[in-house]
Amino acid sequence: MKSSRKPYFFGKTVVITGASSGIGKATAEAFAAEGADLVLTARNEEALNETAETCRQSGVEVLVVPADISVPEEVSRLAEEAFNFNGRIDCWVNNAGVLAFGKFEEIPVEVADQIIKTNLLGYMHSAHAVLPVFKKQKKGILINNISIGGWMPAPYGTAYTASKYGIRGMTETLQGEVSDFPDIHICALYPGFQKSSGIEHAANYSGIKLSTPPPSFDPRKLAAAIVKTAKNPVEAVYPDWFGSVFKNIYEMFPEAVRYISSAAMRLVMKKANKDENTSGNVLEASHGNMEIHGKTLLPEPSRTMKMTFAGIAGILAAGLLLYSFRSINKADS
């Protein structure tokens with residue numbers, strides 16, 4: 001006998017930014033499978049429509065609103081159209097983001113500025129637009145997909161790191177501001193590297209041919225974690241082991257992590273084949289691979305390889321502990 005039970009998000013409206021590819025596309029499909037009506041936004045309208053068509057196959061309503069979240073007027077229009085779609089906004093997922101790799105002074109200033117505008121100001125514009133709706137409804141969930149970059153620096157990704165630290169600060173401040181609204185939730189996710197197409201869209205001034213390094217994780221699993229957070233909101237979520245492990249390692253050994261990771265990146269850049277500089281999707285809409293998954297540096301690891309990575313993380317932690325003790329002893333002597 002077929003169940004007549006309605007999906008969890010049936011009749012609810014979910015807004016997703018950066019929904020044209022990668023994590024955003026996976027998140028749209030995950031919410032559609034749970035019955036949510038969707039409002040999807042990004043700059044690439046053609047790719048957005050492709051995501052929308054896939055989601056409609058789950059029997060949900062989908063509104064496509066092309067917009068640049070770095071422009072406050074466009075975000076205001078997005079929020080207005082999203083509210084008019086079903087007369088409510090139940091969940092807003094901030095996901096759109098851009099990044100650039102390379103020596104900070106060699107990255108054009110307009111690229112660095114736009115990373116801050118898209119990542120940090122884009123999330124702020126979205127929160128500013130949707131919070132009045134939530135407060136009028138007396139309920140709503142804002143989910144900020146931040147990345148572990150909100151806790152520890154990405155070597156040679158200065159503007160990206162600055163934006164992610166800023167988003168974490170904004171998120172934690174807003175959590176305090178809405179604490180007198182028991183049914184309004186501001187949630188943050190801090191995932192590790194994702195095997196998404198996003199890396200193929202990045203601005204690159206490092207000379208390295210970019211691909212996602214190991215250990216990396218399936219964007220569909222992150223999308224499932226975002227949906228789970230919308231069902232059971234909590235303030236901070238670490239959807240994979242990398243995020244939680246390296247947050248703790250960085251808190252214990254910040255200097256060692258900064259210097260070792262930067263030195264490793266310098267070595268890679270020195271040996272690189274000097275790939276051509278590009279501003280990627282920072283100054284214009286994403287093109288090329290608009291699917292969920294992207295290039296990875298290594299093939300999908302076996303169970304044994306995953307255990308090896310975990311072991312390496314443990315060894316790294318021990319090495320950092322030793323480094324810290326030696327630094328303390330030198331300072332005392």
# chains A, B, ... in the order shown; residues from 1 in each chain; ligands from 1
>>> select_by_dssp(residues="stretch 98-296 of chain A", states="alpha helix (DSSP H)", output="MDAnalysis selection string")
chainID A and resid 109:115 122:137 158:177 198:201 219:231 241:252 254:270
>>> closest_atom_pairs(of="stretch 186-273 of chain A", to="stretch 28-47 of chain A", cutoff="7 Å", atoms="only C-alpha atoms", output="Markdown table")
| residue | atom | partner | partner_atom | distance |
| --- | --- | --- | --- | --- |
| A:Ala223 | CA | A:Ala30 | CA | 6.3 |
| A:Ala224 | CA | A:Ala30 | CA | 6.4 |
| A:Val227 | CA | A:Phe31 | CA | 6.5 |
>>> closest_residue(among="A:Met290, A:Leu99, A:Leu283, A:Ile148", to="A:Ser70", atoms="only C-alpha atoms")
A:Leu283
>>> closest_atom_pairs(of="stretch 100-156 of chain A", to="stretch 162-166 of chain A", cutoff="8 Å", atoms="only C-alpha atoms", output="Markdown table")
| residue | atom | partner | partner_atom | distance |
| --- | --- | --- | --- | --- |
| A:Ile115 | CA | A:Ser163 | CA | 7.3 |
| A:Ile116 | CA | A:Ser163 | CA | 5.4 |
| A:Asn119 | CA | A:Ser163 | CA | 5.9 |
| A:Leu120 | CA | A:Ser163 | CA | 5.0 |
| A:Ile146 | CA | A:Lys164 | CA | 6.2 |
| A:Ser147 | CA | A:Lys164 | CA | 7.4 |
| A:Gly149 | CA | A:Lys164 | CA | 5.8 |
| A:Gly150 | CA | A:Tyr165 | CA | 4.5 |
| A:Trp151 | CA | A:Tyr165 | CA | 6.7 |
>>> closest_residue(among="A:Lys117, A:Asp180, A:Gly157, A:Cys91", to="A:Asn144", atoms="only C-alpha atoms")
A:Cys91
>>> closest_residue(among="A:Gln137, A:Ser197, A:Thr17, A:Asn232", to="A:Gly288", atoms="only C-alpha atoms")
A:Ser197
>>> closest_residue(among="A:Tyr238, A:Phe9, A:Phe181, A:Tyr160", to="A:Gln114", atoms="only C-alpha atoms")
A:Tyr160
>>> select_by_dssp(residues="stretch 13-183 of chain A", states="strand (DSSP E or B)", output="tab-separated table (two decimals) with N, CA and C atoms, in the first residue's frame")
chain	number	residue	atom	x	y	z
A	13	THR	N	9.00	26.77	1.42
A	13	THR	CA	9.81	27.43	0.41
A	13	THR	C	11.25	27.54	0.89
A	14	VAL	N	12.17	27.09	0.04
A	14	VAL	CA	13.60	27.13	0.36
A	14	VAL	C	14.32	27.92	-0.73
A	15	VAL	N	15.09	28.91	-0.33
A	15	VAL	CA	15.91	29.71	-1.25
A	15	VAL	C	17.35	29.19	-1.18
A	16	ILE	N	17.96	28.99	-2.34
A	16	ILE	CA	19.34	28.49	-2.39
A	16	ILE	C	20.14	29.38	-3.32
A	17	THR	N	21.22	29.97	-2.82
A	17	THR	CA	22.09	30.79	-3.66
A	17	THR	C	23.22	29.91	-4.20
A	37	ASP	N	9.43	23.44	-2.21
A	37	ASP	CA	9.37	24.33	-3.36
A	37	ASP	C	10.61	25.22	-3.30
A	38	LEU	N	11.22	25.44	-4.44
A	38	LEU	CA	12.55	26.05	-4.46
A	38	LEU	C	12.57	27.39	-5.18
A	39	VAL	N	13.40	28.29	-4.65
A	39	VAL	CA	13.76	29.51	-5.35
A	39	VAL	C	15.28	29.44	-5.52
A	40	LEU	N	15.71	29.36	-6.77
A	40	LEU	CA	17.13	29.14	-7.06
A	40	LEU	C	17.74	30.39	-7.69
A	41	THR	N	18.93	30.73	-7.23
A	41	THR	CA	19.60	31.89	-7.79
A	41	THR	C	21.08	31.63	-8.03
A	62	VAL	N	9.46	25.21	-8.83
A	62	VAL	CA	10.78	25.85	-8.80
A	62	VAL	C	10.71	27.20	-9.50
A	63	LEU	N	11.20	28.23	-8.81
A	63	LEU	CA	11.31	29.57	-9.38
A	63	LEU	C	12.79	29.89	-9.58
A	64	VAL	N	13.14	30.30	-10.78
A	64	VAL	CA	14.52	30.69	-11.10
A	64	VAL	C	14.62	32.21	-11.09
A	91	CYS	N	13.24	28.63	4.62
A	91	CYS	CA	14.67	28.38	4.79
A	91	CYS	C	15.43	29.09	3.68
A	92	TRP	N	16.53	29.72	4.06
A	92	TRP	CA	17.40	30.39	3.08
A	92	TRP	C	18.80	29.80	3.25
A	93	VAL	N	19.34	29.24	2.16
A	93	VAL	CA	20.67	28.64	2.20
A	93	VAL	C	21.66	29.54	1.48
A	94	ASN	N	22.54	30.17	2.24
A	94	ASN	CA	23.64	30.95	1.67
A	94	ASN	C	24.75	29.99	1.27
A	100	ALA	N	40.08	32.63	-4.99
A	100	ALA	CA	41.25	32.85	-5.82
A	100	ALA	C	42.48	32.35	-5.08
A	101	PHE	N	43.37	31.68	-5.82
A	101	PHE	CA	44.63	31.20	-5.25
A	101	PHE	C	45.79	31.98	-5.86
A	140	GLY	N	11.89	30.79	10.87
A	140	GLY	CA	12.68	30.70	9.65
A	140	GLY	C	14.08	30.21	9.98
A	141	ILE	N	14.76	29.68	8.98
A	141	ILE	CA	16.10	29.12	9.16
A	141	ILE	C	17.03	29.70	8.11
A	142	LEU	N	18.11	30.32	8.56
A	142	LEU	CA	19.16	30.81	7.68
A	142	LEU	C	20.36	29.89	7.85
A	143	ILE	N	20.78	29.25	6.76
A	143	ILE	CA	21.91	28.33	6.80
A	143	ILE	C	23.06	28.93	6.00
A	144	ASN	N	24.19	29.12	6.66
A	144	ASN	CA	25.38	29.65	6.00
A	144	ASN	C	26.39	28.51	5.78
A	145	ASN	N	26.61	28.16	4.53
A	145	ASN	CA	27.64	27.18	4.20
A	145	ASN	C	28.97	27.91	4.16
>>> closest_residue(among="A:Phe253, A:Tyr123, A:Phe246, A:Phe104", to="A:Pro155", atoms="only C-alpha atoms")
A:Phe104
